[in-house]
Each structure stands twice: as structure tokens, then as C-alpha cells.
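Peer 1: entry_27.cif is the file, holding mmCIF, C-alpha atoms, pLDDT in the B column; chains and numbers go by the auth columns:
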data_my_file
loop_
_atom_site.group_PDB
_atom_site.id
_atom_site.type_symbol
_atom_site.label_atom_id
_atom_site.label_comp_id
_atom_site.label_asym_id
_atom_site.label_seq_id
_atom_site.Cartn_x
_atom_site.Cartn_y
_atom_site.Cartn_z
_atom_site.B_iso_or_equiv
_atom_site.auth_seq_id
_atom_site.auth_asym_id
ATOM 1 C CA MET A 1 16.597 -7.654 12.793 80.00 1 A
ATOM 2 C CA ASP A 2 13.616 -5.381 13.280 95.00 2 A
ATOM 3 C CA ALA A 3 10.033 -6.215 12.334 96.00 3 A
ATOM 4 C CA ARG A 4 10.205 -4.298 9.031 97.00 4 A
ATOM 5 C CA GLU A 5 13.241 -6.305 7.891 97.00 5 A
ATOM 6 C CA GLN A 6 11.546 -9.535 8.949 97.00 6 A
ATOM 7 C CA VAL A 7 8.447 -8.671 6.890 97.00 7 A
ATOM 8 C CA LYS A 8 10.575 -7.796 3.851 97.00 8 A
ATOM 9 C CA LYS A 9 12.382 -11.113 4.138 96.00 9 A
ATOM 10 C CA ASP A 10 9.088 -12.952 4.626 97.00 10 A
ATOM 11 C CA LEU A 11 7.477 -11.371 1.543 96.00 11 A
ATOM 12 C CA LEU A 12 10.425 -12.280 -0.677 96.00 12 A
ATOM 13 C CA LYS A 13 10.432 -15.816 0.751 95.00 13 A
ATOM 14 C CA PHE A 14 6.728 -16.063 -0.050 95.00 14 A
ATOM 15 C CA PHE A 15 7.367 -15.154 -3.715 94.00 15 A
ATOM 16 C CA ARG A 16 10.192 -17.707 -3.785 94.00 16 A
ATOM 17 C CA THR A 17 8.012 -20.431 -2.259 93.00 17 A
ATOM 18 C CA TYR A 18 5.110 -19.915 -4.674 91.00 18 A
ATOM 19 C CA LYS A 19 7.376 -19.161 -7.684 92.00 19 A
ATOM 20 C CA VAL A 20 5.068 -16.426 -8.971 90.00 20 A
ATOM 21 C CA HIS A 21 5.636 -12.898 -10.258 92.00 21 A
ATOM 22 C CA THR A 22 2.473 -11.227 -8.938 94.00 22 A
ATOM 23 C CA LEU A 23 0.408 -11.742 -5.796 93.00 23 A
ATOM 24 C CA SER A 24 -2.806 -10.070 -4.662 95.00 24 A
ATOM 25 C CA MET A 25 -3.112 -8.584 -1.200 92.00 25 A
ATOM 26 C CA ASN A 26 -6.936 -8.896 -1.355 92.00 26 A
ATOM 27 C CA PHE A 27 -7.376 -12.618 -1.957 92.00 27 A
ATOM 28 C CA GLY A 28 -5.408 -15.774 -2.496 92.00 28 A
ATOM 29 C CA PRO A 29 -2.409 -17.199 -0.691 94.00 29 A
ATOM 30 C CA LEU A 30 -0.726 -13.879 0.148 95.00 30 A
ATOM 31 C CA GLU A 31 -3.875 -12.425 1.694 95.00 31 A
ATOM 32 C CA VAL A 32 -4.274 -15.532 3.854 95.00 32 A
ATOM 33 C CA HIS A 33 -0.596 -15.396 4.808 94.00 33 A
ATOM 34 C CA ILE A 34 -0.772 -11.717 5.801 95.00 34 A
ATOM 35 C CA ARG A 35 -3.858 -12.395 7.921 94.00 35 A
ATOM 36 C CA GLY A 36 -1.604 -14.581 10.064 95.00 36 A
ATOM 37 C CA TYR A 37 0.841 -11.748 10.774 96.00 37 A
ATOM 38 C CA ASN A 38 1.001 -10.525 14.344 96.00 38 A
ATOM 39 C CA GLU A 39 0.035 -6.888 15.027 97.00 39 A
ATOM 40 C CA LYS A 40 3.638 -5.696 14.948 97.00 40 A
ATOM 41 C CA TRP A 41 4.168 -7.139 11.478 97.00 41 A
ATOM 42 C CA LYS A 42 0.824 -5.809 10.233 96.00 42 A
ATOM 43 C CA ASP A 43 1.816 -2.342 11.455 97.00 43 A
ATOM 44 C CA VAL A 44 5.048 -2.336 9.422 97.00 44 A
ATOM 45 C CA LEU A 45 3.726 -4.146 6.328 96.00 45 A
ATOM 46 C CA GLN A 46 3.248 -1.010 4.226 96.00 46 A
ATOM 47 C CA ALA A 47 6.658 0.376 5.254 97.00 47 A
ATOM 48 C CA ALA A 48 8.274 -2.940 4.250 97.00 48 A
ATOM 49 C CA ILE A 49 6.498 -2.866 0.883 97.00 49 A
ATOM 50 C CA ASP A 50 7.595 0.743 0.367 97.00 50 A
ATOM 51 C CA GLU A 51 11.226 -0.171 1.095 97.00 51 A
ATOM 52 C CA LEU A 52 11.146 -3.137 -1.287 97.00 52 A
ATOM 53 C CA THR A 53 9.730 -0.784 -3.918 97.00 53 A
ATOM 54 C CA VAL A 54 12.515 1.749 -3.347 97.00 54 A
ATOM 55 C CA GLU A 55 15.077 -1.081 -3.524 97.00 55 A
ATOM 56 C CA GLY A 56 13.644 -1.961 -6.949 97.00 56 A
ATOM 57 C CA LEU A 57 12.563 -5.499 -6.061 97.00 57 A
ATOM 58 C CA ILE A 58 8.793 -5.076 -6.260 97.00 58 A
ATOM 59 C CA GLU A 59 6.189 -2.678 -7.604 96.00 59 A
ATOM 60 C CA MET A 60 2.607 -2.095 -6.594 94.00 60 A
ATOM 61 C CA GLN A 61 -0.086 -2.600 -9.210 93.00 61 A
ATOM 62 C CA GLY A 62 -3.206 -1.490 -7.370 92.00 62 A
ATOM 63 C CA ARG A 63 -3.538 -4.013 -4.533 92.00 63 A
ATOM 64 C CA LYS A 64 -1.179 -6.476 -6.208 95.00 64 A
ATOM 65 C CA ILE A 65 2.509 -6.838 -5.522 96.00 65 A
ATOM 66 C CA ALA A 66 4.612 -7.686 -8.558 96.00 66 A
ATOM 67 C CA LEU A 67 8.277 -8.537 -8.780 96.00 67 A
ATOM 68 C CA THR A 68 10.328 -6.240 -10.978 96.00 68 A
ATOM 69 C CA ALA A 69 12.941 -7.663 -13.354 95.00 69 A
ATOM 70 C CA GLN A 70 15.542 -7.151 -10.621 96.00 70 A
ATOM 71 C CA GLY A 71 13.257 -8.831 -8.094 94.00 71 A
ATOM 72 C CA LYS A 72 12.663 -11.807 -10.402 94.00 72 A
ATOM 73 C CA ALA A 73 16.409 -12.244 -10.864 93.00 73 A
ATOM 74 C CA GLU A 74 17.024 -12.151 -7.109 90.00 74 A
ATOM 75 C CA VAL A 75 14.016 -14.111 -5.882 90.00 75 A
ATOM 76 C CA LEU A 76 13.285 -16.680 -8.579 83.00 76 A
ATOM 77 C CA SER A 77 16.794 -17.617 -9.703 80.00 77 A
#
As C-alpha cells, what does this structure read like?

Peer 2:
Amino acid sequence: MDAREQVKKDLLKFFRTYKVHTLSMNFGPLEVHIRGYNEKWKDVLQAAIDELTVEGLIEMQGRKIALTAQGKAEVLS
């Protein structure tokens, strides 16, 4: 599994752990979590977000990441 796939899996796990629909990348638990990423993961973060968006699991709302209806069904069920 490459770094991009690991980040995608980690982001979805984070939503599952916190049982929320929207998380901010600027403050709060997700921002703190991302700060702990190693450089490799930080480098592929945007690509992982873009792929999750294309897959229909999340959408960007400014600097917030929100689960789509499909994402909610997969992550929170």
C-alpha cells in the first residue's frame, strides 16, 4: 500500500473514530492529527483528498472536509 492509500484509509478511519460528518483542516482534532503526519504523508495529503472526492466519499467545503451521503453510508454505518 502506498502512502496515498494509507492517508486515504487514515482519513476515513478518523471520521469513523470521531463519528462526525465534517472536519476542519485548520483547527480541531483533524488539524492536530494531520500535524503528526510524517513528510511523506503530508506530501500526498491533497492527492488523497482529491481521490476520495473523485470516489464520491468526501467533498471539500473551503478548508473543511465533509462526508458525502455515500461516504456517510460507508464510514458511519

Peer 1: For the structure shown, which residues end up in the PyMOL selection byres ((chain A and resi 65) around 8)? Put them as a ChimeraX atom specification, please?

Peer 2: /A:22-25,58-61,63-64,66-67

Peer 1: Set the distance at 12 Å and use only C-alpha atoms: which residues neighbour Glu51 of chain A once local chain neighbours fewer than 4 positions away are removed? I'd like the list as an mmCIF file with C-alpha atoms, in the frame of the given file.

Peer 2:
data_model
loop_
_atom_site.group_PDB
_atom_site.id
_atom_site.type_symbol
_atom_site.label_atom_id
_atom_site.label_comp_id
_atom_site.auth_asym_id
_atom_site.auth_seq_id
_atom_site.Cartn_x
_atom_site.Cartn_y
_atom_site.Cartn_z
ATOM 1 C CA ARG A 4 10.205 -4.298 9.031
ATOM 2 C CA GLU A 5 13.241 -6.305 7.891
ATOM 3 C CA VAL A 7 8.447 -8.671 6.890
ATOM 4 C CA LYS A 8 10.575 -7.796 3.851
ATOM 5 C CA LYS A 9 12.382 -11.113 4.138
ATOM 6 C CA LEU A 11 7.477 -11.371 1.543
ATOM 7 C CA VAL A 44 5.048 -2.336 9.422
ATOM 8 C CA LEU A 45 3.726 -4.146 6.328
ATOM 9 C CA GLN A 46 3.248 -1.010 4.226
ATOM 10 C CA ALA A 47 6.658 0.376 5.254
ATOM 11 C CA GLU A 55 15.077 -1.081 -3.524
ATOM 12 C CA GLY A 56 13.644 -1.961 -6.949
ATOM 13 C CA LEU A 57 12.563 -5.499 -6.061
ATOM 14 C CA ILE A 58 8.793 -5.076 -6.260
ATOM 15 C CA GLU A 59 6.189 -2.678 -7.604
ATOM 16 C CA MET A 60 2.607 -2.095 -6.594
#

Peer 1: List the spatial neighbours of Pro29 of chain A as a PyMOL selection string - criterion: any atom at most 12 Å away, only C-alpha atoms, same-chain residues fewer than 2 positions off excluded.

Peer 2: chain A and resi 11+14-15+17-18+20+22-27+31-36

Peer 1: Please report the interatomic distance between atom CA of Val75 of chain A and atom CA of Lys13 of chain A in Å with one decimal.

Peer 2: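 Going from atom CA of Val75 of chain A over to atom CA of Lys13 of chain A covers 7.7 Å.
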
Peer 1: Have a look at atom CA of Tyr37 of chain A and atom CA of Leu12 of chain A and let me know their distance in Å, one decimal.

Peer 2: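 That distance, rounded to one decimal, is 14.9 Å.
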
Peer 1: One decimal, Å: what's the distance from atom CA of Ala48 of chain A over to atom CA of Ser77 of chain A, could you say?

Peer 2: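 Separation of atom CA of Ala48 of chain A and atom CA of Ser77 of chain A: 22.0 Å.
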